[in-house]
Amino acid sequence: MEPQARPRRVTIVDVARHAQVSTTAVSKVLRNAYGASPEMRAKVRRAIDELGYRPNAGARGLRGQTYTIGVMLPDIRNPFFPEILDGVTASLADTEYQVFLGPGCNGEKEEARVTEAMVDRGMDGIILVAPISSRAHMERVGASVPTVVVGRHGSSPAYDTVADDDVEGAALVIGHLATLGHRRIAHIEHHETDPTRLTEMPNARRADGYRRAMRKHGLEEWIDVVSTSYTQDGGHRGTKELLARPVRPTAVFAGADIVAMGVLEAVAEAGLSVPGDLSVAGYDNTTFAAFGPISLTSVDQAGRELGRNAVRLLLERIAKPGRPSAQVTLSPTLVPRRSTARPAE
C-alpha cells in the first residue's frame, strides 16, 4: 500500500480566493495593519478558519518578521505577574502574534540568557517584566529588537517603559494606616544596593514613598524598614524580625502581596491575629489579596493595564522602529479590606 501524499499547505493565495479579496488585503489582516475595514477583516478571518490556514513561521522569518513576541517574567511564582501576562495576551488576541515566555529567575545571568535567546530566534519584539538587568544590557537588547520594559522606572532612547507610580502607591498605604490611627508602621522592602536599580526599581520607589509619606504624616520617628526580599520567605523573615522588636509595630506595609503572604504566615505562627494585633497591607492587589478568608488591603497597580500598554507601545515600535521612546506611568488605587483596622491600643 502506497503512503498517502501529504496534503498541500493552504497558502495566502487560497485564503484570498476563498474570501474573494486580494492577497494584499489578506496580508493587512494578518499583520493587523491599517487599511483593512471591519468587514474585510471578518471575511478574511472566516476564510482562514474555514480553510485552516496557518502562516509559515519559517518563511515569515526569512522575510524579516516571525509574528512572535517574547515575554521575560522574573519569577513565575509571584501571583502578580500573570496579571500583566493576561493584559499582554488579551491585547494580542486579535492579531497573528504568538507569545513565548521565558523565566528570568531573578538573576542577571539568567535574564541575559533568556533575552539573548529571544533575540537570536528572531522574535519581533520583547517585553521585559521587572528586569533586574543593567541598563547597558537592556539597551543592547533594545538596539537589537523593539523592546518594552514593564515595572521599571527611568528612560532610554533604546526602549519604552510602562510602570506604576510606586511612590504614590506607598503614600496611599501610609495615608490609609495613619487615618486609622496607626503610628508605628513598618515596611518590608526588597534589599537593593545597585545605584541604578535604587533609582529605577519599583521596590526602591515604594520604600522611598514609604519614608516620604511617614514624614508627611509626622511619623518620622517611627520609620522602620526591614530589608529582605520580595518573596514569601522574605515577608516571613522580615515579620519575625519586626515582632522581636522591644516595641513592635501595629501595622506592616509589605512591598508586594507575595511578601504579605509571608507576613500573615509569621503572624499566625506567633499566635497573633490580623488585624487585631497587627494590620497588614500589601501591594499588587492579586487574586490572593481578594480571597475572602485573607481579605488583604492592597494597592491595585492595574496589572492588566500594564500589559495592555506594553503591547500598544511594542506594536507601535515594531511599526515605526525609529520613533522616540515613550514612558507610560499608571496611577495606582488602594483597595481596603479586612486586614487593616484601627490599632488595638
# chains A, B, ... in the order shown; residues from 1 in each chain; ligands from 1
>>> residues_around(residues="Thr68 in chain A", least_positions_apart="4", cutoff="8 Å", atoms="only C-alpha atoms", output="list in words")
Tyr97, Gln98, Val99, Phe100, Met123, Asp124 and Gly125 of chain A
>>> select_by_dssp(residues="range 137-178 of chain A", states="strand (DSSP E or B)", output="ChimeraX atom specification")
/A:147-150,156,159-164
>>> select_by_dssp(residues="range 111-143 of chain A", states="alpha helix (DSSP H)", output="ChimeraX atom specification")
/A:111-120,135-143
>>> write_last_selection(atoms="N, CA and C atoms", output="PDB file, in the first residue's frame")
ATOM      1  N   GLU A 111      18.497  36.287  33.171  1.00  0.00           N
ATOM      2  CA  GLU A 111      17.770  37.215  32.309  1.00  0.00           C
ATOM      3  C   GLU A 111      18.492  37.406  30.979  1.00  0.00           C
ATOM      4  N   ALA A 112      19.811  37.561  31.046  1.00  0.00           N
ATOM      5  CA  ALA A 112      20.587  37.751  29.820  1.00  0.00           C
ATOM      6  C   ALA A 112      20.458  36.537  28.906  1.00  0.00           C
ATOM      7  N   ARG A 113      20.507  35.352  29.503  1.00  0.00           N
ATOM      8  CA  ARG A 113      20.396  34.116  28.714  1.00  0.00           C
ATOM      9  C   ARG A 113      19.049  34.044  27.998  1.00  0.00           C
ATOM     10  N   VAL A 114      17.985  34.386  28.719  1.00  0.00           N
ATOM     11  CA  VAL A 114      16.639  34.328  28.138  1.00  0.00           C
ATOM     12  C   VAL A 114      16.462  35.377  27.053  1.00  0.00           C
ATOM     13  N   THR A 115      16.830  36.625  27.354  1.00  0.00           N
ATOM     14  CA  THR A 115      16.604  37.699  26.380  1.00  0.00           C
ATOM     15  C   THR A 115      17.472  37.528  25.146  1.00  0.00           C
ATOM     16  N   GLU A 116      18.692  37.074  25.321  1.00  0.00           N
ATOM     17  CA  GLU A 116      19.552  36.843  24.161  1.00  0.00           C
ATOM     18  C   GLU A 116      19.017  35.707  23.291  1.00  0.00           C
ATOM     19  N   ALA A 117      18.431  34.691  23.929  1.00  0.00           N
ATOM     20  CA  ALA A 117      17.824  33.602  23.165  1.00  0.00           C
ATOM     21  C   ALA A 117      16.642  34.115  22.351  1.00  0.00           C
ATOM     22  N   MET A 118      15.865  35.039  22.914  1.00  0.00           N
ATOM     23  CA  MET A 118      14.739  35.614  22.192  1.00  0.00           C
ATOM     24  C   MET A 118      15.213  36.424  20.997  1.00  0.00           C
ATOM     25  N   VAL A 119      16.288  37.192  21.187  1.00  0.00           N
ATOM     26  CA  VAL A 119      16.852  37.966  20.083  1.00  0.00           C
ATOM     27  C   VAL A 119      17.382  37.029  19.002  1.00  0.00           C
ATOM     28  N   ASP A 120      18.115  35.999  19.409  1.00  0.00           N
ATOM     29  CA  ASP A 120      18.713  35.059  18.458  1.00  0.00           C
ATOM     30  C   ASP A 120      17.660  34.327  17.627  1.00  0.00           C
ATOM     31  N   ARG A 135      21.180  48.587  32.922  1.00  0.00           N
ATOM     32  CA  ARG A 135      20.620  49.394  31.833  1.00  0.00           C
ATOM     33  C   ARG A 135      21.383  49.135  30.535  1.00  0.00           C
ATOM     34  N   ALA A 136      22.692  48.918  30.653  1.00  0.00           N
ATOM     35  CA  ALA A 136      23.501  48.658  29.453  1.00  0.00           C
ATOM     36  C   ALA A 136      23.003  47.415  28.722  1.00  0.00           C
ATOM     37  N   HIS A 137      22.666  46.366  29.488  1.00  0.00           N
ATOM     38  CA  HIS A 137      22.165  45.147  28.852  1.00  0.00           C
ATOM     39  C   HIS A 137      20.814  45.403  28.189  1.00  0.00           C
ATOM     40  N   MET A 138      19.915  46.101  28.888  1.00  0.00           N
ATOM     41  CA  MET A 138      18.598  46.368  28.312  1.00  0.00           C
ATOM     42  C   MET A 138      18.718  47.221  27.055  1.00  0.00           C
ATOM     43  N   GLU A 139      19.676  48.141  27.044  1.00  0.00           N
ATOM     44  CA  GLU A 139      19.859  48.970  25.851  1.00  0.00           C
ATOM     45  C   GLU A 139      20.424  48.161  24.698  1.00  0.00           C
ATOM     46  N   ARG A 140      21.265  47.164  24.994  1.00  0.00           N
ATOM     47  CA  ARG A 140      21.746  46.283  23.929  1.00  0.00           C
ATOM     48  C   ARG A 140      20.596  45.484  23.334  1.00  0.00           C
ATOM     49  N   VAL A 141      19.704  45.002  24.201  1.00  0.00           N
ATOM     50  CA  VAL A 141      18.530  44.270  23.715  1.00  0.00           C
ATOM     51  C   VAL A 141      17.655  45.193  22.878  1.00  0.00           C
ATOM     52  N   GLY A 142      17.409  46.406  23.412  1.00  0.00           N
ATOM     53  CA  GLY A 142      16.568  47.364  22.706  1.00  0.00           C
ATOM     54  C   GLY A 142      17.141  47.809  21.374  1.00  0.00           C
ATOM     55  N   ALA A 143      18.464  47.785  21.252  1.00  0.00           N
ATOM     56  CA  ALA A 143      19.096  48.148  19.983  1.00  0.00           C
ATOM     57  C   ALA A 143      18.952  47.038  18.949  1.00  0.00           C
TER      58      ALA A 143
END
>>> closest_atom_pairs(of="range 267-287 of chain A", to="range 302-317 of chain A", cutoff="10 Å", atoms="only C-alpha atoms", output="tab-separated table")
residue	atom	partner	partner_atom	distance
A:Asp284	CA	A:Gly303	CA	7.7
A:Asn285	CA	A:Ala302	CA	8.2
A:Thr286	CA	A:Gly303	CA	8.9
>>> write_last_selection(atoms="C-alpha atoms", output="short mmCIF file (atom, residue, chain, number, x, y, z; two decimals), in the first residue's frame")
data_model
loop_
_atom_site.label_atom_id
_atom_site.label_comp_id
_atom_site.auth_asym_id
_atom_site.auth_seq_id
_atom_site.Cartn_x
_atom_site.Cartn_y
_atom_site.Cartn_z
CA ASP A 284 -0.34 44.46 43.65
CA ASN A 285 -3.96 43.53 44.50
CA THR A 286 -3.52 39.95 43.31
#
>>> residues_around(residues="range 154-169 of chain A", least_positions_apart="5", cutoff="6 Å", atoms="only C-alpha atoms", output="list of chain:residue names")
A:Glu139, A:Gly142, A:Ala143, A:Thr147, A:Val148, A:Val149, A:Glu200, A:Arg205, A:Arg206, A:Gly209, A:Gln301, A:Ser325, A:Ala326, A:Gln327, A:Val328, A:Thr329, A:Leu330, A:Ser331, A:Pro332
>>> residues_around(residues="Gly218 in chain A", least_positions_apart="4", cutoff="10 Å", atoms="only C-alpha atoms", output="MDAnalysis selection string")
chainID A and resid 178 183 213:214 222
>>> closest_residue(among="A:Gly255, A:Pro321, A:Pro131, A:Pro275", to="Glu108 in chain A", atoms="only C-alpha atoms")
A:Pro131
>>> closest_atom_pairs(of="range 269-301 of chain A", to="range 228-248 of chain A", cutoff="10 Å", atoms="only C-alpha atoms", output="tab-separated table")
residue	atom	partner	partner_atom	distance
A:Glu269	CA	A:Lys240	CA	9.5
A:Ala270	CA	A:Lys240	CA	8.5
A:Leu278	CA	A:Arg248	CA	9.3
>>> closest_residue(among="A:Arg41, A:His190, A:Arg54, A:Arg212", to="Ile12 in chain A", atoms="only C-alpha atoms")
A:Arg54
>>> closest_residue(among="A:Thr287, A:Thr24, A:Ser227, A:Thr297", to="Glu83 in chain A", atoms="only C-alpha atoms")
A:Thr287
>>> closest_residue(among="A:Gly107, A:Gly181, A:Gly70, A:Gly122", to="His217 in chain A", atoms="only C-alpha atoms")
A:Gly181
>>> closest_residue(among="A:Ala42, A:Val71, A:Leu30, A:Leu51", to="Thr11 in chain A", atoms="only C-alpha atoms")
A:Leu51
>>> atom_distance(atom1="CA of Ile188 in chain A", atom2="CA of Glu220 in chain A")
16.3 Å
>>> atom_distance(atom1="CA of Arg17 in chain A", atom2="CA of Tyr67 in chain A")
23.4 Å
